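Listing of final_15.cif; format and content: mmCIF, C-alpha atoms (C1' of nucleotides).
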```
data_input
#
loop_
_atom_site.group_PDB
_atom_site.id
_atom_site.type_symbol
_atom_site.label_atom_id
_atom_site.label_comp_id
_atom_site.auth_asym_id
_atom_site.auth_seq_id
_atom_site.Cartn_x
_atom_site.Cartn_y
_atom_site.Cartn_z
ATOM 1 C CA MET A 1 -100.072 -126.977 229.855
ATOM 2 C CA VAL A 2 -100.363 -129.433 232.649
ATOM 3 C CA ILE A 3 -99.441 -133.039 232.439
ATOM 4 C CA LEU A 4 -101.024 -134.747 235.416
ATOM 5 C CA ALA A 5 -100.378 -138.275 234.347
ATOM 6 C CA GLY A 6 -97.924 -141.123 234.662
ATOM 7 C CA ALA A 7 -94.290 -140.104 234.925
ATOM 8 C CA PHE A 8 -93.417 -142.055 231.830
ATOM 9 C CA ARG A 9 -96.127 -140.334 229.835
ATOM 10 C CA SER A 10 -95.032 -136.849 230.868
ATOM 11 C CA LYS A 11 -91.465 -137.809 230.123
ATOM 12 C CA VAL A 12 -92.340 -139.060 226.680
ATOM 13 C CA ILE A 13 -94.290 -135.908 226.012
ATOM 14 C CA ALA A 14 -91.374 -133.804 227.212
ATOM 15 C CA VAL A 15 -89.004 -135.639 224.890
ATOM 16 C CA VAL A 16 -91.311 -135.308 221.916
ATOM 17 C CA ARG A 17 -91.658 -131.588 222.594
ATOM 18 C CA ARG A 18 -87.850 -131.349 222.612
ATOM 19 C CA ILE A 19 -87.701 -132.661 219.075
ATOM 20 C CA PRO A 20 -86.502 -129.676 217.018
ATOM 21 C CA PRO A 21 -88.207 -128.807 213.721
ATOM 22 C CA GLY A 22 -86.839 -130.536 210.680
ATOM 23 C CA ARG A 23 -85.955 -133.542 212.776
ATOM 24 C CA VAL A 24 -87.738 -136.794 213.516
ATOM 25 C CA ALA A 25 -87.503 -139.449 216.207
ATOM 26 C CA THR A 26 -88.690 -143.020 216.320
ATOM 27 C CA TYR A 27 -90.934 -144.392 219.038
ATOM 28 C CA GLY A 28 -87.968 -146.418 220.210
ATOM 29 C CA ASP A 29 -85.786 -143.314 220.488
ATOM 30 C CA VAL A 30 -88.454 -141.446 222.409
ATOM 31 C CA ALA A 31 -88.995 -144.456 224.642
ATOM 32 C CA ALA A 32 -85.262 -144.685 225.277
ATOM 33 C CA ALA A 33 -85.058 -140.970 226.032
ATOM 34 C CA ALA A 34 -88.013 -141.406 228.359
ATOM 35 C CA GLY A 35 -86.232 -144.148 230.201
ATOM 36 C CA SER A 36 -87.397 -147.344 228.516
ATOM 37 C CA SER A 37 -85.829 -148.259 225.206
ATOM 38 C CA ARG A 38 -88.409 -151.009 224.828
ATOM 39 C CA ALA A 39 -91.536 -149.041 225.578
ATOM 40 C CA SER A 40 -91.912 -148.080 221.941
ATOM 41 C CA ARG A 41 -95.435 -149.476 221.978
ATOM 42 C CA ALA A 42 -96.214 -147.624 225.141
ATOM 43 C CA VAL A 43 -94.951 -144.434 223.486
ATOM 44 C CA GLY A 44 -97.280 -144.933 220.568
ATOM 45 C CA ASN A 45 -100.035 -145.665 223.028
ATOM 46 C CA ILE A 46 -99.279 -142.444 224.887
ATOM 47 C CA MET A 47 -99.322 -140.490 221.653
ATOM 48 C CA ARG A 48 -102.741 -141.865 220.858
ATOM 49 C CA THR A 49 -104.197 -141.351 224.316
ATOM 50 C CA CYS A 50 -102.538 -137.984 224.822
ATOM 51 C CA ARG A 51 -102.264 -136.484 221.312
ATOM 52 C CA SER A 52 -102.044 -133.018 222.849
ATOM 53 C CA ALA A 53 -101.376 -129.982 220.700
ATOM 54 C CA ASP A 54 -98.202 -129.488 222.732
ATOM 55 C CA VAL A 55 -96.897 -132.769 221.435
ATOM 56 C CA PRO A 56 -95.617 -132.692 217.852
ATOM 57 C CA CYS A 57 -96.532 -136.328 217.483
ATOM 58 C CA HIS A 58 -96.093 -135.924 213.733
ATOM 59 C CA ARG A 59 -92.342 -135.802 214.372
ATOM 60 C CA VAL A 60 -92.543 -139.190 216.017
ATOM 61 C CA ILE A 61 -92.314 -141.999 213.516
ATOM 62 C CA ALA A 62 -91.747 -145.727 213.496
ATOM 63 C CA ALA A 63 -88.376 -147.404 213.011
ATOM 64 C CA GLY A 64 -86.746 -147.395 209.594
ATOM 65 C CA GLY A 65 -88.174 -143.938 208.902
ATOM 66 C CA ARG A 66 -91.665 -145.306 208.387
ATOM 67 C CA LEU A 67 -94.518 -143.019 209.341
ATOM 68 C CA GLY A 68 -96.159 -145.734 211.400
ATOM 69 C CA GLY A 69 -99.845 -145.739 212.158
ATOM 70 C CA PHE A 70 -101.105 -142.335 213.267
ATOM 71 C CA GLY A 71 -104.693 -143.463 213.172
ATOM 72 C CA GLY A 72 -104.685 -143.326 209.410
ATOM 73 C CA ASN A 73 -103.769 -139.639 209.247
ATOM 74 C CA LEU A 74 -100.553 -140.527 207.493
ATOM 75 C CA GLN A 75 -101.367 -138.000 204.799
ATOM 76 C CA LEU A 76 -101.650 -135.262 207.399
ATOM 77 C CA LYS A 77 -98.444 -136.373 209.047
ATOM 78 C CA ARG A 78 -96.708 -136.430 205.693
ATOM 79 C CA GLU A 79 -97.704 -132.869 204.972
ATOM 80 C CA LEU A 80 -96.725 -131.725 208.437
ATOM 81 C CA LEU A 81 -93.317 -133.297 208.070
ATOM 82 C CA ARG A 82 -92.884 -131.860 204.609
ATOM 83 C CA ALA A 83 -93.850 -128.458 205.991
ATOM 84 C CA GLU A 84 -90.815 -128.729 208.247
ATOM 85 C CA GLY A 85 -88.547 -129.597 205.368
ATOM 86 C CA ILE A 86 -88.798 -133.328 205.756
ATOM 87 C CA LEU A 87 -89.550 -135.053 202.492
ATOM 88 C CA VAL A 88 -91.541 -138.230 202.687
ATOM 89 C CA THR A 89 -91.731 -140.890 200.013
ATOM 90 C CA GLY A 90 -94.801 -143.061 200.322
ATOM 91 C CA SER A 91 -94.657 -144.091 203.957
ATOM 92 C CA ARG A 92 -90.978 -143.442 204.457
ATOM 93 C CA VAL A 93 -89.007 -140.364 205.528
ATOM 94 C CA LYS A 94 -86.374 -139.120 203.099
ATOM 95 C CA GLU A 95 -82.835 -139.100 204.530
ATOM 96 C CA PHE A 96 -84.375 -140.478 207.671
ATOM 97 C CA THR A 97 -81.051 -141.621 209.083
ATOM 98 C CA THR A 98 -79.699 -138.078 208.819
ATOM 99 C CA ARG A 99 -82.900 -136.454 210.048
ATOM 100 C CA ARG A 100 -83.205 -138.862 212.923
ATOM 101 C CA TRP A 101 -82.985 -137.038 216.258
ATOM 102 C CA THR A 102 -82.514 -138.598 219.611
ATOM 103 C CA ARG A 103 -81.474 -135.770 221.913
ATOM 104 C CA PRO A 104 -79.564 -132.443 221.912
ATOM 105 C CA ALA A 105 -76.063 -133.092 220.556
ATOM 106 C CA PRO A 106 -74.085 -134.762 223.340
ATOM 107 C CA ARG A 107 -70.990 -132.584 223.729
ATOM 108 C CA ASN A 108 -67.702 -134.418 223.680
ATOM 109 C CA LYS A 109 -65.629 -133.310 226.607
ATOM 110 C CA ALA A 110 -62.622 -135.481 225.892
ATOM 111 C CA THR A 111 -62.319 -135.506 222.168
ATOM 112 C "C1'" DC B 1 -105.083 -157.257 240.990
ATOM 113 C "C1'" DT B 2 -106.097 -159.559 236.142
ATOM 114 C "C1'" DG B 3 -106.638 -159.323 231.338
ATOM 115 C "C1'" DC B 4 -106.777 -156.978 226.792
ATOM 116 C "C1'" DT B 5 -105.290 -153.594 223.693
ATOM 117 C "C1'" DG B 6 -102.066 -151.005 220.781
ATOM 118 C "C1'" DA B 7 -99.805 -144.788 216.633
ATOM 119 C "C1'" DC B 8 -93.864 -150.558 218.019
ATOM 120 C "C1'" DT B 9 -89.613 -153.657 216.932
ATOM 121 C "C1'" DG B 10 -87.047 -157.457 215.295
ATOM 122 C "C1'" DG B 11 -87.025 -161.992 213.441
ATOM 123 C "C1'" DT B 12 -88.587 -165.824 210.624
ATOM 124 C "C1'" DA B 13 -91.161 -167.720 206.534
ATOM 125 C "C1'" DG C 1 -91.313 -157.163 198.888
ATOM 126 C "C1'" DT C 2 -95.340 -158.793 202.237
ATOM 127 C "C1'" DA C 3 -97.258 -161.669 206.151
ATOM 128 C "C1'" DC C 4 -97.178 -163.727 210.665
ATOM 129 C "C1'" DC C 5 -95.152 -164.544 215.446
ATOM 130 C "C1'" DA C 6 -93.211 -163.469 219.845
ATOM 131 C "C1'" DG C 7 -91.503 -159.913 223.143
ATOM 132 C "C1'" DC C 8 -91.766 -155.808 225.625
ATOM 133 C "C1'" DC C 9 -94.240 -151.805 228.121
ATOM 134 C "C1'" DA C 10 -97.743 -148.501 229.657
ATOM 135 C "C1'" DG C 11 -102.742 -147.323 229.743
ATOM 136 C "C1'" DC C 12 -107.409 -148.650 230.551
ATOM 137 C "C1'" DA C 13 -111.744 -151.687 231.591
#
```

What would the structure in this file look like if it were written as structure tokens?
Amino acid sequence: MVILAGAFRSKVIAVVRRIPPGRVATYGDVAAAAGSSRASRAVGNIMRTCRSADVPCHRVIAAGGRLGGFGGNLQLKRELLRAEGILVTGSRVKEFTTRRWTRPAPRNKAT
DNA sequence: CTGCTGACTGGTA
DNA sequence: GTACCAGCCAGCA
């Protein structure tokens, strides 16, 4: 897989690919992990323009645990999420706050 | 380079 | 609860 595109885009894609199964991340989280905590819109834009099979865009949702847009394939997204053990009620992720993933557990050196 | 668009977010009404 | 507005950022014409 080759990502010959803007650095931000490749970064966003990398972050999304790092999202482990059974977990979800908001556009804002992905944007923040990519370097811009305010590029949430850009992230969504990247998802739409890129939507590569290597990018589990279905794990990327809007804030508040809402599924977001997804071009109207919310039903598909819902099933994909549910297939990973993520229950979705209407347009909202169940236990979203606990399923929310930002990045690999930051180890505490000085606990 | 300029302008518009959009799978977003938070606030106000 | 829904609806509308303003802000922010990257991609594309």

Residue neighbourhood range 1-10 of chain C, 7 Å, only C-alpha atoms (C1' of nucleotides), exclusion window fewer than 2 positions, as a PDB file with C-alpha atoms, keeping the file's coordinate frame:
```pdb
ATOM      1  CA  ARG A  38     -88.409-151.009 224.828  1.00  0.00           C
ATOM      2  CA  ALA A  39     -91.536-149.041 225.578  1.00  0.00           C
ATOM      3  CA  ARG A  41     -95.435-149.476 221.978  1.00  0.00           C
ATOM      4  CA  ALA A  42     -96.214-147.624 225.141  1.00  0.00           C
TER       5      ALA A  42
END
```

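Considering only C-alpha atoms (C1' of nucleotides), the residue among A:Ala14, A:Thr97, A:Asn45, A:Ala34 positioned nearest to DT5 in chain B is A:Asn45.
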
Pull out every residue that the PyMOL selection byres ((chain A and resi 64-73) around 6) matches in the shown coordinates and put them as a compact mmCIF listing (two decimals) with C-alpha atoms (C1' of nucleotides), in the coordinates of the input.
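Final output, out-v3.txt:
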```txt
# COMPACT_ATOMS: atom_id res chain seq x y z
CA ILE A 61 -92.31 -142.00 213.52
CA ALA A 62 -91.75 -145.73 213.50
CA ALA A 63 -88.38 -147.40 213.01
CA LEU A 74 -100.55 -140.53 207.49
CA GLN A 75 -101.37 -138.00 204.80
CA LEU A 76 -101.65 -135.26 207.40
CA SER A 91 -94.66 -144.09 203.96
CA ARG A 92 -90.98 -143.44 204.46
CA VAL A 93 -89.01 -140.36 205.53
CA PHE A 96 -84.38 -140.48 207.67
C1' DA B 7 -99.80 -144.79 216.63
```

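Computed from the coordinates, the CA of Cys50 in chain A to C1' of DG3 in chain B distance equals 22.7 Å.
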
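Coordinates place CA of Asp29 in chain A at a distance of 19.4 Å from CA of Ser52 in chain A.
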